[in-house]
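Worksheet: the structure to be examined is printed underneath.
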Amino acid sequence: MNRDASLRRATTEAGVWDVVVIGGGATGLGAAVDAASRGYRTLLVEQLDFAKATSSRSTKLAHGGVRYLQQGNLSLVLEALKERGRMLRNAPHLVRRQSFVIPAYATWEVPFYGIGLKMYDALSGRASFGKSRMMGAGAVREMLPTVVSDRLAGGVEYFDGQFDDARYSLALAQTLESLGGVAINYAKMIRLLKTRNVVSGVVVRDEETGTEFEVQARVVINATGVFTDEVRVLDEPQAAPMLTVSQGSHFVLPKTFLPGAHALMVPKTADGRVLFAIPWHGAVVVGTTDEAVSGASLEPRAMEVETAFLSHHVERYFGRRPKDAEVLSMWSGLRPLVRKQGANSTAALSREHTVMVSASRLVSVTGGKWTTYRRMGEDAVNIAAKVAGLAAAPSKTQELRLFGWSGAAAAASDAEHELAVYGSEQGAVDALAEASPELAALLHPRLPYRFAEVVWAARHEMARSVEDVLARRTRALFLDARAAIDAAPRVAECMAAELKRDEAWQREQVAAFLKTASAYVYSS
């Protein structure tokens, strides 16, 4: 991908776009890929970077949702399990099977959760990731050697999916371009255009230059996640809010807290939440929380109640609270939850999605969760095509292989090699590193990434800032915030050479990154 080329297409190509999508997170990218796969002329604009907000801050799970099974929402679980299987088939370089173990501290819990997970297996059908099994305490200790074993009665193992959310988003953007669509980051929709009270396009501002341009469209899809209501108000100033926003926070801990390949899952904490501790890129992700917040923000910060919750549960299940330095990174993400009558907490709100059409024919899609992004996109485009009177065409995304798919990538889907996320591009990134000792060097001794990946991100993946590289093209900020901060000046220097930026740009980039990254550094 090349941003300059994409921007030229958006501003110079004649004619009306069939579909314009606002929002470059999972939902927007899913909708844009679906539209382009049907042959619709498709443009996507994102105000910052792809997956900048919610879509890079998930618990990294491609899953059916055991929590929703407990709630009796079988239709949501069944849909998500089908989509989980499609994610693995279509992007095996980014999605893999993961073993989860539920430790049971009461004898009754083993058959209780065991029977429930057999139902989960049955709902998976041919898309099963593996059969669950009930185990004794000895087997649980072997699989989770650091888990508190006092009064351990046994446990249950089951299988779900894990993925790299930001890299998956990037693969969707690359897939969109391979289908003839256009995706542009740092392009903010600032105004809706209307013709005879019907939305007929958007005004976009290039955030790098400040230049504004108009884009005509047969239909506009609002897929802005937690910012959905803000766009709806641009369309209808009196529009009633349709979302409640919830925040989820995570700790990243050293591998010593949970050695081995198995994840820990707590199906019900004291306050009724689900909690995970999951191996990820050589570290352990612990989360998530579920706290209502007053509104949307681009850089949510973990609240004291959340860090206390996470620290308490780390101690409860691993026997000790993490020291400040052991929390390698801490991040928070926001969930767009569709408002529901009678819900007393955000944890009680459904993760089902909604597609709404306004009087001016703006199509808004929101709610849902990462695993069902493809279905959300399909549903949104089905409705958008009818609204716009586009030629009928079926969705082709159920079996659409995403950018980077290859036979080799499929065979190595469980590999821990950091370059596995590049899929079919892995060899080219390797070759770039082999051509130069400087590019073969690690960004930081505690990070697995090399400077070749910085160059690759700037040349081929539309990375425009130090944060783009350290937070989303690589996952450095999410894995070790202090190491990412240390690496920032050299990353800025490397990017400046690629993007032809001066020393002032480098200083600005480092300062901006340090301001953002400070929220990822834990201090009790």
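Order determines the names: the first chain of the structure tokens is A, the second B, and so forth; residues in each chain are numbered 1 upward, and ligands are numbered 1 upward as they are shown.
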
query: Mind checking DSSP for region 242-482 of chain A and telling me the strand (DSSP E or B) residues as an NGL selection string?
result: :A and (243-254 or 263-266 or 275-280 or 283-287 or 291-293 or 329-338 or 353-357 or 363-367 or 442 or 450)

Just write the chosen residues, C-alpha atoms, as an mmCIF file, in the first residue's frame.
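Wrote result-v5.cif, looks like this:
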data_model
loop_
_atom_site.group_PDB
_atom_site.id
_atom_site.type_symbol
_atom_site.label_atom_id
_atom_site.label_comp_id
_atom_site.auth_asym_id
_atom_site.auth_seq_id
_atom_site.Cartn_x
_atom_site.Cartn_y
_atom_site.Cartn_z
ATOM 1 C CA LEU A 243 -24.525 3.444 22.139
ATOM 2 C CA THR A 244 -23.274 2.889 25.641
ATOM 3 C CA VAL A 245 -19.486 2.856 25.889
ATOM 4 C CA SER A 246 -17.649 0.341 28.045
ATOM 5 C CA GLN A 247 -13.929 0.195 28.804
ATOM 6 C CA GLY A 248 -11.757 -2.903 29.059
ATOM 7 C CA SER A 249 -8.182 -2.806 30.335
ATOM 8 C CA HIS A 250 -5.325 -5.325 30.226
ATOM 9 C CA PHE A 251 -1.983 -6.034 31.852
ATOM 10 C CA VAL A 252 0.919 -7.606 29.966
ATOM 11 C CA LEU A 253 3.160 -9.677 32.233
ATOM 12 C CA PRO A 254 6.397 -11.624 31.737
ATOM 13 C CA ALA A 263 -3.996 -20.032 28.526
ATOM 14 C CA LEU A 264 -5.952 -19.644 31.756
ATOM 15 C CA MET A 265 -9.632 -18.789 31.683
ATOM 16 C CA VAL A 266 -11.747 -17.752 34.663
ATOM 17 C CA LEU A 275 -11.045 -13.165 32.838
ATOM 18 C CA PHE A 276 -8.207 -14.508 30.690
ATOM 19 C CA ALA A 277 -4.445 -14.908 31.004
ATOM 20 C CA ILE A 278 -3.151 -15.727 27.523
ATOM 21 C CA PRO A 279 0.312 -16.343 26.042
ATOM 22 C CA TRP A 280 0.946 -13.735 23.346
ATOM 23 C CA ALA A 283 4.419 -12.473 27.093
ATOM 24 C CA VAL A 284 1.107 -12.959 28.931
ATOM 25 C CA VAL A 285 -1.992 -10.798 28.376
ATOM 26 C CA VAL A 286 -4.303 -10.586 31.401
ATOM 27 C CA GLY A 287 -7.787 -9.096 31.008
ATOM 28 C CA GLU A 291 -16.391 -0.499 33.250
ATOM 29 C CA ALA A 292 -18.907 2.019 31.938
ATOM 30 C CA VAL A 293 -17.418 5.325 30.775
ATOM 31 C CA SER A 329 2.475 -2.754 29.362
ATOM 32 C CA MET A 330 -1.040 -1.723 30.260
ATOM 33 C CA TRP A 331 -3.672 -0.736 27.734
ATOM 34 C CA SER A 332 -7.355 0.116 27.573
ATOM 35 C CA GLY A 333 -9.910 -0.153 24.802
ATOM 36 C CA LEU A 334 -13.511 0.957 24.413
ATOM 37 C CA ARG A 335 -16.475 -1.186 23.365
ATOM 38 C CA PRO A 336 -19.447 0.190 21.400
ATOM 39 C CA LEU A 337 -22.445 -1.468 23.048
ATOM 40 C CA VAL A 338 -25.928 -0.993 21.636
ATOM 41 C CA HIS A 353 -24.545 -5.687 16.104
ATOM 42 C CA THR A 354 -27.049 -3.247 14.647
ATOM 43 C CA VAL A 355 -27.399 -1.670 11.197
ATOM 44 C CA MET A 356 -29.445 1.520 11.106
ATOM 45 C CA VAL A 357 -30.500 3.696 8.159
ATOM 46 C CA VAL A 363 -26.077 3.652 6.951
ATOM 47 C CA SER A 364 -24.619 3.142 10.434
ATOM 48 C CA VAL A 365 -23.290 -0.217 11.628
ATOM 49 C CA THR A 366 -22.147 -0.677 15.197
ATOM 50 C CA GLY A 367 -21.987 -3.034 18.176
ATOM 51 C CA LEU A 442 16.784 -5.341 16.912
ATOM 52 C CA ARG A 450 14.076 -5.487 13.644
#

- Rank A:Leu94, A:Ala240, A:Ile190, A:Ala223 by their smallest atom-to-atom distance to Asp165 (chain A), using only C-alpha atoms, and report the top residue only.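 The answer is A:Leu94, which sits nearest to Asp165 (chain A).
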
Which neighbours of Ala359 (chain A) fall inside 12 Å, counting only C-alpha atoms, when residues of the same chain fewer than 5 positions from it are skipped, and could you give them as a list in words?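 So the residues in contact are Lys194, Arg196, Asn197, Val198, Val199, Arg232, Asp235, Glu236, Ala239, Ser364 and Val387 of chain A.
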
Residue with the minimum atom-to-atom distance to Pro111 (chain A), picked from A:Ala183, A:Val219, A:Met135, A:Ala127 with only C-alpha atoms counted, is A:Met135

Discussion item. Applying 12 Å and only C-alpha atoms, which residues near Ala433 (chain A) remain after dropping the ones on its own chain fewer than 2 positions away? List them as a VMD selection string.
Written reply: chain A and resid 419 426 to 431 435 to 442 449 to 456

Across A:Gly125, A:Gly272, A:Pro103, A:Gly260, the smallest distance to Glu79 (chain A), with only C-alpha atoms counted, is shown by A:Gly125

inquiry  = Need to verify the contact set: Gln398 (chain A), 12 Å, only C-alpha atoms, exclusion of same-chain residues closer than 5 positions in sequence. Can you return it as a list in words?
reply    =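 What passes the distance filter is Gly30, Val33, Asp34, Ser37, Lys82, Glu83, Arg84, Gly85, Arg86, Met87, Leu88, Arg89, Asn90, Ala91, Thr372, Tyr373, Arg374, Arg375, Gly377 and Glu378 of chain A.
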
If you count only C-alpha atoms, the residue of A:Ser406, A:Ser75, A:Ser465, A:Asn382 closest to Leu123 (chain A) turns out to be A:Ser75

Could you tell me, as a list in words, which residues of region 308-345 of chain A DSSP assigns to helix (DSSP H, G or I) when given the backbone?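 Here are the helix (DSSP H, G or I) residues of region 308-345 of chain A: Ala308, Phe309, Leu310, Ser311, His312, His313, Val314, Glu315, Arg316, Tyr317, Phe318, Asp324, Ala325 and Glu326 of chain A.
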